[in-house]
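Okay, model-v5.txt is below, compact mmCIF, C-alpha atoms and all ligand atoms:
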# COMPACT_ATOMS: atom_id res chain seq x y z
CA MET G 136 -39.65 -71.67 32.07
CA SER G 137 -40.35 -72.08 28.36
CA GLU G 138 -38.51 -70.31 25.56
CA SER G 139 -41.12 -67.60 25.32
CA GLY G 140 -40.62 -66.88 29.03
CA ARG G 141 -44.22 -67.63 29.89
CA PRO G 142 -44.65 -70.59 32.29
CA LEU G 143 -47.58 -72.15 30.42
CA ALA G 144 -46.48 -71.42 26.85
CA ALA G 145 -47.61 -74.13 24.38
CA GLN G 146 -49.77 -75.76 27.04
CA ILE G 147 -53.41 -76.71 26.54
CA ALA G 148 -55.82 -76.00 29.39
CA LEU G 149 -59.54 -76.45 29.95
CA VAL G 150 -61.47 -74.48 32.60
CA THR G 151 -65.03 -75.51 33.40
CA GLY G 152 -67.53 -72.78 34.24
CA ALA G 153 -65.31 -70.09 32.74
CA SER G 154 -68.05 -67.73 31.53
CA ARG G 155 -67.97 -65.69 34.74
CA GLY G 156 -66.68 -65.36 38.28
CA ILE G 157 -63.67 -67.36 39.43
CA GLY G 158 -63.59 -69.58 36.33
CA ARG G 159 -63.36 -66.59 34.03
CA ALA G 160 -60.53 -65.08 36.11
CA VAL G 161 -58.71 -68.44 36.00
CA ALA G 162 -59.11 -68.72 32.21
CA VAL G 163 -57.77 -65.19 31.73
CA GLU G 164 -54.82 -65.84 34.07
CA LEU G 165 -53.85 -69.16 32.43
CA ALA G 166 -53.98 -67.50 28.99
CA ARG G 167 -51.88 -64.59 30.29
CA ARG G 168 -49.31 -67.19 31.36
CA GLY G 169 -49.25 -68.58 27.82
CA ALA G 170 -51.77 -71.45 27.74
CA HIS G 171 -54.35 -71.98 25.01
CA VAL G 172 -57.56 -72.13 27.08
CA GLY G 173 -60.80 -74.01 26.47
CA ILE G 174 -63.58 -71.89 27.98
CA ASN G 175 -66.32 -74.21 29.16
CA TYR G 176 -69.78 -72.97 30.15
CA ARG G 177 -73.28 -74.39 30.24
CA SER G 178 -75.67 -71.72 29.04
CA ASN G 179 -74.22 -68.23 28.91
CA ALA G 180 -72.56 -68.04 25.48
CA GLU G 181 -72.45 -64.25 25.50
CA LEU G 182 -70.40 -64.10 28.70
CA ALA G 183 -68.14 -66.93 27.54
CA GLN G 184 -67.53 -65.01 24.32
CA ALA G 185 -66.65 -61.94 26.39
CA CYS G 186 -64.10 -64.03 28.31
CA LEU G 187 -62.55 -65.15 25.02
CA ALA G 188 -62.49 -61.55 23.76
CA GLU G 189 -60.67 -60.46 26.93
CA ILE G 190 -58.09 -63.21 26.45
CA GLU G 191 -57.53 -62.32 22.80
CA ALA G 192 -57.33 -58.59 23.53
CA ASP G 193 -54.53 -59.46 25.96
CA GLY G 194 -52.63 -61.34 23.20
CA GLY G 195 -53.66 -64.80 24.40
CA SER G 196 -55.54 -67.63 22.73
CA GLY G 197 -58.57 -69.73 23.60
CA GLU G 198 -61.76 -71.25 22.28
CA LEU G 199 -65.28 -71.85 23.50
CA CYS G 200 -66.00 -75.34 24.74
CA PRO G 201 -69.65 -75.53 25.81
CA PHE G 202 -71.04 -78.57 27.61
CA ASP G 203 -72.96 -79.41 30.74
CA VAL G 204 -70.58 -80.99 33.26
CA SER G 205 -73.49 -82.79 34.91
CA ASP G 206 -74.35 -84.69 31.75
CA VAL G 207 -73.26 -88.33 31.76
CA ASP G 208 -71.62 -88.33 28.31
CA ALA G 209 -70.94 -84.70 27.34
CA PRO G 210 -67.72 -84.18 29.39
CA ALA G 211 -66.04 -87.26 27.90
CA ASP G 212 -67.11 -86.35 24.36
CA ALA G 213 -66.12 -82.68 24.59
CA ILE G 214 -62.87 -83.10 26.52
CA GLY G 215 -61.86 -86.03 24.33
CA ALA G 216 -62.43 -83.94 21.18
CA PHE G 217 -60.66 -80.90 22.67
CA ALA G 218 -57.58 -82.93 23.65
CA LYS G 219 -57.55 -84.72 20.31
CA SER G 220 -57.70 -81.51 18.28
CA HIS G 221 -54.64 -80.14 20.14
CA GLY G 222 -52.82 -83.45 20.50
CA ARG G 223 -52.66 -83.07 24.29
CA LEU G 224 -54.28 -81.74 27.45
CA ASP G 225 -51.99 -80.36 30.13
CA VAL G 226 -54.36 -78.64 32.55
CA LEU G 227 -57.92 -79.21 33.76
CA VAL G 228 -59.55 -76.83 36.23
CA ASN G 229 -62.79 -78.22 37.66
CA ASN G 230 -64.40 -74.93 38.57
CA ALA G 231 -68.06 -75.24 37.44
CA GLY G 232 -70.25 -75.24 40.51
CA ILE G 233 -73.65 -74.27 41.82
CA THR G 234 -75.06 -73.59 45.22
CA ILE G 235 -78.69 -74.16 46.09
CA ASP G 236 -78.99 -73.12 49.71
CA GLY G 237 -81.71 -74.29 52.06
CA LEU G 238 -82.27 -75.75 55.49
CA LEU G 239 -82.25 -79.53 55.77
CA LEU G 240 -85.89 -80.02 56.71
CA ARG G 241 -87.14 -78.17 53.63
CA TYR G 242 -84.44 -79.25 51.19
CA LYS G 243 -85.82 -80.71 47.97
CA GLU G 244 -84.60 -84.04 46.61
CA ASP G 245 -84.20 -82.51 43.17
CA ASP G 246 -81.89 -79.76 44.51
CA TRP G 247 -79.76 -82.34 46.34
CA GLN G 248 -79.36 -84.34 43.12
CA LYS G 249 -78.56 -81.25 41.02
CA THR G 250 -75.91 -80.05 43.47
CA LEU G 251 -74.28 -83.48 43.59
CA GLU G 252 -74.34 -83.93 39.83
CA VAL G 253 -72.79 -80.56 38.97
CA ASN G 254 -70.27 -80.07 41.77
CA LEU G 255 -69.13 -83.62 42.35
CA GLY G 256 -70.30 -85.66 39.34
CA GLY G 257 -69.04 -82.95 36.97
CA ALA G 258 -65.54 -82.90 38.46
CA PHE G 259 -65.43 -86.71 38.51
CA ARG G 260 -66.44 -87.07 34.87
CA CYS G 261 -64.20 -84.25 33.61
CA SER G 262 -61.22 -85.69 35.53
CA ARG G 263 -61.90 -89.13 34.09
CA ALA G 264 -61.95 -87.67 30.58
CA ALA G 265 -58.78 -85.61 31.15
CA ALA G 266 -56.77 -88.37 32.85
CA ARG G 267 -56.37 -90.38 29.65
CA PRO G 268 -54.60 -87.75 27.48
CA MET G 269 -52.61 -86.57 30.51
CA ALA G 270 -51.44 -90.06 31.41
CA ARG G 271 -50.49 -90.67 27.79
CA LYS G 272 -48.15 -87.65 27.82
CA ARG G 273 -47.00 -88.39 31.37
CA TYR G 274 -47.83 -84.84 32.43
CA GLY G 275 -50.91 -83.17 33.85
CA ARG G 276 -52.32 -80.71 36.34
CA ILE G 277 -55.84 -81.08 37.70
CA VAL G 278 -57.12 -78.38 40.06
CA ASN G 279 -60.52 -78.65 41.76
CA LEU G 280 -62.42 -75.67 43.16
CA SER G 281 -63.54 -76.60 46.65
CA SER G 282 -64.76 -74.15 49.29
CA VAL G 283 -64.01 -73.12 52.87
CA VAL G 284 -67.37 -74.65 53.82
CA ALA G 285 -65.99 -78.14 53.08
CA SER G 286 -64.09 -77.97 56.37
CA MET G 287 -65.85 -75.13 58.22
CA GLY G 288 -69.46 -76.08 57.44
CA ASN G 289 -72.25 -73.54 57.08
CA ALA G 290 -75.90 -73.68 58.12
CA GLY G 291 -78.15 -73.96 55.07
CA GLN G 292 -75.39 -75.40 52.90
CA ALA G 293 -75.38 -79.11 53.78
CA ALA G 294 -75.63 -80.22 50.15
CA TYR G 295 -73.05 -77.73 48.89
CA ALA G 296 -70.63 -78.49 51.76
CA ALA G 297 -71.04 -82.24 51.19
CA THR G 298 -70.08 -81.88 47.53
CA LYS G 299 -67.05 -79.75 48.37
CA ALA G 300 -65.88 -82.12 51.12
CA GLY G 301 -66.36 -84.96 48.63
CA LEU G 302 -64.30 -83.05 46.10
CA GLU G 303 -61.44 -82.75 48.58
CA GLY G 304 -61.57 -86.52 49.22
CA MET G 305 -61.59 -87.12 45.48
CA THR G 306 -58.60 -84.77 45.08
CA LYS G 307 -56.57 -86.81 47.59
CA ALA G 308 -57.59 -90.17 46.10
CA LEU G 309 -56.81 -89.09 42.52
CA SER G 310 -53.50 -87.55 43.56
CA ARG G 311 -52.39 -91.02 44.67
CA GLU G 312 -53.91 -92.77 41.68
CA LEU G 313 -52.39 -90.52 39.01
CA ALA G 314 -49.02 -89.73 40.62
CA SER G 315 -47.18 -92.50 38.77
CA ARG G 316 -48.14 -90.74 35.51
CA GLU G 317 -46.77 -87.36 36.68
CA VAL G 318 -50.30 -85.98 36.93
CA THR G 319 -50.79 -83.84 40.03
CA VAL G 320 -54.23 -83.26 41.55
CA ASN G 321 -54.85 -80.42 43.99
CA ALA G 322 -57.69 -78.27 45.23
CA VAL G 323 -58.14 -74.61 46.03
CA ALA G 324 -60.65 -73.78 48.74
CA PRO G 325 -61.77 -70.16 48.48
CA GLY G 326 -63.52 -68.32 51.28
CA PHE G 327 -66.04 -65.63 50.37
CA ILE G 328 -65.21 -64.23 46.97
CA ASP G 329 -66.99 -61.35 45.27
CA THR G 330 -68.86 -63.11 42.41
CA GLU G 331 -72.46 -63.64 41.32
CA MET G 332 -72.61 -66.63 43.67
CA THR G 333 -72.03 -64.46 46.74
CA ALA G 334 -74.00 -61.51 45.33
CA GLN G 335 -77.12 -63.51 46.28
CA LEU G 336 -76.26 -63.14 49.99
CA PRO G 337 -78.57 -60.91 52.02
CA ASP G 338 -76.83 -57.78 53.44
CA GLU G 339 -77.04 -59.08 57.01
CA ALA G 340 -75.33 -62.38 56.15
CA ARG G 341 -72.66 -60.53 54.17
CA ALA G 342 -71.92 -58.25 57.15
CA ALA G 343 -71.72 -61.28 59.47
CA TYR G 344 -69.20 -62.99 57.18
CA LEU G 345 -67.12 -59.84 56.86
CA ALA G 346 -66.85 -59.65 60.64
CA MET G 347 -65.32 -63.15 60.67
CA ILE G 348 -62.66 -62.50 58.00
CA PRO G 349 -59.34 -61.31 59.46
CA LEU G 350 -58.39 -59.53 56.23
CA GLY G 351 -61.69 -57.65 56.58
CA ARG G 352 -63.01 -57.97 53.03
CA LEU G 353 -64.31 -60.42 50.46
CA GLY G 354 -61.68 -61.87 48.14
CA ARG G 355 -61.40 -61.08 44.45
CA ALA G 356 -61.69 -63.73 41.74
CA GLU G 357 -58.20 -62.75 40.54
CA GLU G 358 -56.78 -63.62 43.97
CA VAL G 359 -58.15 -67.15 43.63
CA ALA G 360 -56.97 -67.34 40.02
CA SER G 361 -53.33 -66.71 40.92
CA ALA G 362 -53.39 -69.58 43.45
CA VAL G 363 -55.03 -71.88 40.89
CA ALA G 364 -52.50 -70.83 38.24
CA PHE G 365 -49.58 -71.78 40.52
CA LEU G 366 -51.03 -75.28 40.95
CA CYS G 367 -51.54 -75.47 37.16
CA SER G 368 -47.92 -74.64 36.43
CA PRO G 369 -44.77 -76.74 36.13
CA GLU G 370 -43.51 -74.80 39.19
CA SER G 371 -45.83 -76.83 41.46
CA SER G 372 -44.32 -80.16 40.35
CA TYR G 373 -43.85 -81.53 43.88
CA VAL G 374 -47.28 -80.49 45.21
CA THR G 375 -50.08 -83.03 44.96
CA GLY G 376 -53.08 -84.01 47.07
CA HIS G 377 -53.04 -80.54 48.66
CA VAL G 378 -55.96 -78.25 49.49
CA LEU G 379 -54.86 -74.61 49.35
CA ALA G 380 -57.01 -72.20 51.37
CA VAL G 381 -57.58 -68.76 49.84
CA ASN G 382 -59.91 -67.26 52.40
CA GLY G 383 -58.46 -64.11 53.97
CA GLY G 384 -57.79 -66.06 57.18
CA LEU G 385 -61.46 -66.98 57.68
CA TYR G 386 -60.68 -70.60 58.57
CA THR G 387 -57.38 -72.40 58.92
P1 LIG S 401 -70.52 -68.36 39.45
O1 LIG S 401 -70.15 -66.91 39.34
O2 LIG S 401 -71.90 -68.72 39.86
O3 LIG S 401 -70.17 -69.07 38.04
C1 LIG S 401 -70.43 -70.44 37.88
C2 LIG S 401 -69.88 -70.90 36.56
O4 LIG S 401 -70.15 -72.32 36.47
C3 LIG S 401 -70.53 -70.27 35.35
O5 LIG S 401 -69.54 -70.10 34.35
C4 LIG S 401 -71.56 -71.32 34.91
O6 LIG S 401 -71.84 -71.30 33.51
C5 LIG S 401 -70.82 -72.59 35.25
N1 LIG S 401 -71.70 -73.74 35.41
C6 LIG S 401 -72.69 -73.93 36.31
N2 LIG S 401 -73.26 -75.13 36.13
C7 LIG S 401 -72.62 -75.70 35.07
C8 LIG S 401 -72.76 -76.94 34.38
N3 LIG S 401 -73.68 -77.83 34.74
N4 LIG S 401 -71.94 -77.20 33.33
C9 LIG S 401 -71.00 -76.30 32.96
N5 LIG S 401 -70.82 -75.11 33.57
C10 LIG S 401 -71.63 -74.82 34.61
O7 LIG S 401 -69.56 -69.13 40.46
P2 LIG S 401 -68.21 -68.65 41.19
O8 LIG S 401 -68.57 -67.88 42.38
O9 LIG S 401 -67.27 -68.08 40.20
O10 LIG S 401 -67.67 -70.06 41.72
C11 LIG S 401 -66.80 -70.86 40.94
C12 LIG S 401 -66.39 -72.08 41.76
O11 LIG S 401 -65.77 -71.65 42.97
C13 LIG S 401 -67.56 -72.97 42.17
O12 LIG S 401 -67.17 -74.32 42.16
C14 LIG S 401 -67.84 -72.52 43.59
O13 LIG S 401 -68.46 -73.53 44.35
C15 LIG S 401 -66.44 -72.21 44.08
N6 LIG S 401 -66.42 -71.27 45.20
C16 LIG S 401 -66.91 -69.99 45.06
C17 LIG S 401 -66.88 -69.14 46.15
C18 LIG S 401 -67.37 -67.72 46.09
O14 LIG S 401 -67.35 -67.06 47.14
N7 LIG S 401 -67.79 -67.21 44.97
C19 LIG S 401 -66.36 -69.58 47.37
C20 LIG S 401 -65.89 -70.88 47.45
C21 LIG S 401 -65.92 -71.70 46.37
P3 LIG S 401 -73.10 -70.50 32.86
O15 LIG S 401 -72.72 -69.06 32.92
O16 LIG S 401 -73.23 -70.99 31.48
O17 LIG S 401 -74.27 -70.84 33.75
Could I get this file's structure written as structure tokens?
Amino acid sequence: MSESGRPLAAQIALVTGASRGIGRAVAVELARRGAHVGINYRSNAELAQACLAEIEADGGSGELCPFDVSDVDAPADAIGAFAKSHGRLDVLVNNAGITIDGLLLRYKEDDWQKTLEVNLGGAFRCSRAAARPMARKRYGRIVNLSSVVASMGNAGQAAYAATKAGLEGMTKALSRELASREVTVNAVAPGFIDTEMTAQLPDEARAAYLAMIPLGRLGRAEEVASAVAFLCSPESSYVTGHVLAVNGGLYT
């Protein structure tokens, strides 16, 4: 624990897709634990600003860090500049993600490419950009947001599930690659969490999912954020290459 008593005091963190949902809850939680948080988003500046206002109202600090994770160059440029301006980067949370659902036979090529580029390409490029400053300081925490569907599967989500399963493979590979530099790489795999992403679900599908969840309810973004925050902290120093399920018992 640091002098100020907060586990992430003086640490620099970047959370992708932090304008809403799980990413916003993670950004708020990391700031509450003392980190200065870069709030990444793609398009919704107003919501990202609201996230920053919430952090500051709580006595924390952060800054907006807009870029499109699916762009080939933007993650390296933005993360490089962010790390340089603070002299370090301790934590990266690859949270930005999209889901474009559809059955295989009607699935559009463009939607497949978009899903791959944001969910998998984004995490790959952001990790590549973060690994350099982390390796230099011989300390780092990378946490990737996977999903229960990576291992459980779900009809109509072949593209999304493929990206999340890929992300888990990438987590394990990078955990081995970066371990010698004291950089840990883990994933959190949420089940069904109450955010805009799941708000799109038709009532019938929502009721069917609820019936399968032993805890009998959707999860809250804050419940995912506390698991992510543990993996972002010095307390998780001997955990790497792990996928932590936060799914109310839906799938084990
Ligand atoms: P959400 O409410 O839809 O929010 C998505 C966030 O990602 C937004 O901040 C959005 O920014 C950002 N984003 C999307 N594309 C981006 C891009 N190309 N570049 C930068 N930012 C981008 O999603 P969520 O439900 O919180 O999910 C967060 C993560 O958890 C995702 O990886 C998702 O797959 C995973 N997950 C969610 C659930 C769930 O039940 N909700 C379950 C399992 C896993 P803008 O506002 O600017 O668009």
Test item: residues at most 6 Å from range 382-385 of chain G, only C-alpha atoms, excluding those fewer than 4 positions along its chain, as number ranges by chain:
G: 325-326, 348-350
Contacts of range 201-215 of chain G at 12 Å (all atoms listed in the file; same-chain gap of 5+ positions) as a PDB file with C-alpha atoms, in the frame of the given file:
ATOM      1  CA  ILE G 147     -53.410 -76.710  26.540  1.00  0.00           C
ATOM      2  CA  ALA G 148     -55.820 -76.000  29.390  1.00  0.00           C
ATOM      3  CA  LEU G 149     -59.540 -76.450  29.950  1.00  0.00           C
ATOM      4  CA  VAL G 150     -61.470 -74.480  32.600  1.00  0.00           C
ATOM      5  CA  THR G 151     -65.030 -75.510  33.400  1.00  0.00           C
ATOM      6  CA  GLY G 152     -67.530 -72.780  34.240  1.00  0.00           C
ATOM      7  CA  ALA G 153     -65.310 -70.090  32.740  1.00  0.00           C
ATOM      8  CA  SER G 154     -68.050 -67.730  31.530  1.00  0.00           C
ATOM      9  CA  GLY G 173     -60.800 -74.010  26.470  1.00  0.00           C
ATOM     10  CA  ILE G 174     -63.580 -71.890  27.980  1.00  0.00           C
ATOM     11  CA  ASN G 175     -66.320 -74.210  29.160  1.00  0.00           C
ATOM     12  CA  TYR G 176     -69.780 -72.970  30.150  1.00  0.00           C
ATOM     13  CA  ARG G 177     -73.280 -74.390  30.240  1.00  0.00           C
ATOM     14  CA  SER G 178     -75.670 -71.720  29.040  1.00  0.00           C
ATOM     15  CA  ASN G 179     -74.220 -68.230  28.910  1.00  0.00           C
ATOM     16  CA  ALA G 180     -72.560 -68.040  25.480  1.00  0.00           C
ATOM     17  CA  GLU G 181     -72.450 -64.250  25.500  1.00  0.00           C
ATOM     18  CA  LEU G 182     -70.400 -64.100  28.700  1.00  0.00           C
ATOM     19  CA  ALA G 183     -68.140 -66.930  27.540  1.00  0.00           C
ATOM     20  CA  GLN G 184     -67.530 -65.010  24.320  1.00  0.00           C
ATOM     21  CA  SER G 220     -57.700 -81.510  18.280  1.00  0.00           C
ATOM     22  CA  HIS G 221     -54.640 -80.140  20.140  1.00  0.00           C
ATOM     23  CA  GLY G 222     -52.820 -83.450  20.500  1.00  0.00           C
ATOM     24  CA  ARG G 223     -52.660 -83.070  24.290  1.00  0.00           C
ATOM     25  CA  LEU G 224     -54.280 -81.740  27.450  1.00  0.00           C
ATOM     26  CA  ASP G 225     -51.990 -80.360  30.130  1.00  0.00           C
ATOM     27  CA  VAL G 226     -54.360 -78.640  32.550  1.00  0.00           C
ATOM     28  CA  LEU G 227     -57.920 -79.210  33.760  1.00  0.00           C
ATOM     29  CA  ASN G 229     -62.790 -78.220  37.660  1.00  0.00           C
ATOM     30  CA  ASN G 230     -64.400 -74.930  38.570  1.00  0.00           C
ATOM     31  CA  ALA G 231     -68.060 -75.240  37.440  1.00  0.00           C
ATOM     32  CA  GLY G 232     -70.250 -75.240  40.510  1.00  0.00           C
ATOM     33  CA  ILE G 233     -73.650 -74.270  41.820  1.00  0.00           C
ATOM     34  CA  GLN G 248     -79.360 -84.340  43.120  1.00  0.00           C
ATOM     35  CA  LYS G 249     -78.560 -81.250  41.020  1.00  0.00           C
ATOM     36  CA  THR G 250     -75.910 -80.050  43.470  1.00  0.00           C
ATOM     37  CA  LEU G 251     -74.280 -83.480  43.590  1.00  0.00           C
ATOM     38  CA  GLU G 252     -74.340 -83.930  39.830  1.00  0.00           C
ATOM     39  CA  VAL G 253     -72.790 -80.560  38.970  1.00  0.00           C
ATOM     40  CA  ASN G 254     -70.270 -80.070  41.770  1.00  0.00           C
ATOM     41  CA  LEU G 255     -69.130 -83.620  42.350  1.00  0.00           C
ATOM     42  CA  GLY G 256     -70.300 -85.660  39.340  1.00  0.00           C
ATOM     43  CA  GLY G 257     -69.040 -82.950  36.970  1.00  0.00           C
ATOM     44  CA  ALA G 258     -65.540 -82.900  38.460  1.00  0.00           C
ATOM     45  CA  PHE G 259     -65.430 -86.710  38.510  1.00  0.00           C
ATOM     46  CA  ARG G 260     -66.440 -87.070  34.870  1.00  0.00           C
ATOM     47  CA  CYS G 261     -64.200 -84.250  33.610  1.00  0.00           C
ATOM     48  CA  SER G 262     -61.220 -85.690  35.530  1.00  0.00           C
ATOM     49  CA  ARG G 263     -61.900 -89.130  34.090  1.00  0.00           C
ATOM     50  CA  ALA G 264     -61.950 -87.670  30.580  1.00  0.00           C
ATOM     51  CA  ALA G 265     -58.780 -85.610  31.150  1.00  0.00           C
ATOM     52  CA  ALA G 266     -56.770 -88.370  32.850  1.00  0.00           C
ATOM     53  CA  ARG G 267     -56.370 -90.380  29.650  1.00  0.00           C
ATOM     54  CA  PRO G 268     -54.600 -87.750  27.480  1.00  0.00           C
ATOM     55  CA  MET G 269     -52.610 -86.570  30.510  1.00  0.00           C
TER      56      MET G 269
END
Six-sided padding of 4 Å per side, axis-aligned box over ligand LIG 401 (chain S), centre and edges in Å, one decimal, as AutoDock Vina command-line options:
--center_x -70.0 --center_y -72.4 --center_z 39.5 --size_x 16.5 --size_y 18.9 --size_z 24.0
With distances taken over all atoms listed in the file, which of G:Ala218, G:Ala343, G:Ala324, G:Ala170 is nearest to Leu143 in chain G?
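Among the listed residues, G:Ala170 lies closest to Leu143 in chain G.
Taking atom O9 of ligand LIG 401 (chain S) and CA of Gly140 in chain G as the two end points, the separation is 28.9 Å.
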Smallest atom-to-atom distance to ligand LIG 401 (chain S): which of G:Ser196, G:Thr298, G:Gln146, G:Ser372, using all atoms listed in the file?
G:Thr298
Closest pair table for range 235-305 of chain G residues within 7 Å of range 316-321 of chain G, all atoms listed in the file, as CSV:
residue,atom,partner,partner_atom,distance
G:Met269,CA,G:Val318,CA,6.8
G:Ala270,CA,G:Arg316,CA,5.3
G:Arg273,CA,G:Arg316,CA,4.9
G:Tyr274,CA,G:Glu317,CA,5.1
G:Gly275,CA,G:Val318,CA,4.2
G:Arg276,CA,G:Thr319,CA,5.1
G:Ile277,CA,G:Val320,CA,4.7
G:Val278,CA,G:Asn321,CA,5.0
G:Asn279,CA,G:Asn321,CA,6.3
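If you measure from each of G:Leu280, G:Met287, G:Ala294, G:Met347 to ligand LIG 401 (chain S) using all atoms listed in the file, the closest one turns out to be G:Leu280.
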For a quick check of understanding, using only C-alpha atoms and all ligand atoms, which of G:Lys307, G:Arg341, G:Arg155, G:Arg167 has the smallest distance to ligand LIG 401 (chain S)?
G:Arg155
Pick out the closest residue to Gly301 in chain G from this set: G:Ala166, G:Ala322, G:Ile235, G:Ala185. Count all atoms listed in the file.
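That would be G:Ala322, the residue with the smallest distance to Gly301 in chain G.
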Counting only C-alpha atoms and all ligand atoms, which residue out of G:Gly194, G:Pro142, G:Gly156, G:Gly354 sits closest to ligand LIG 401 (chain S)?
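Among the listed residues, G:Gly156 lies closest to ligand LIG 401 (chain S).
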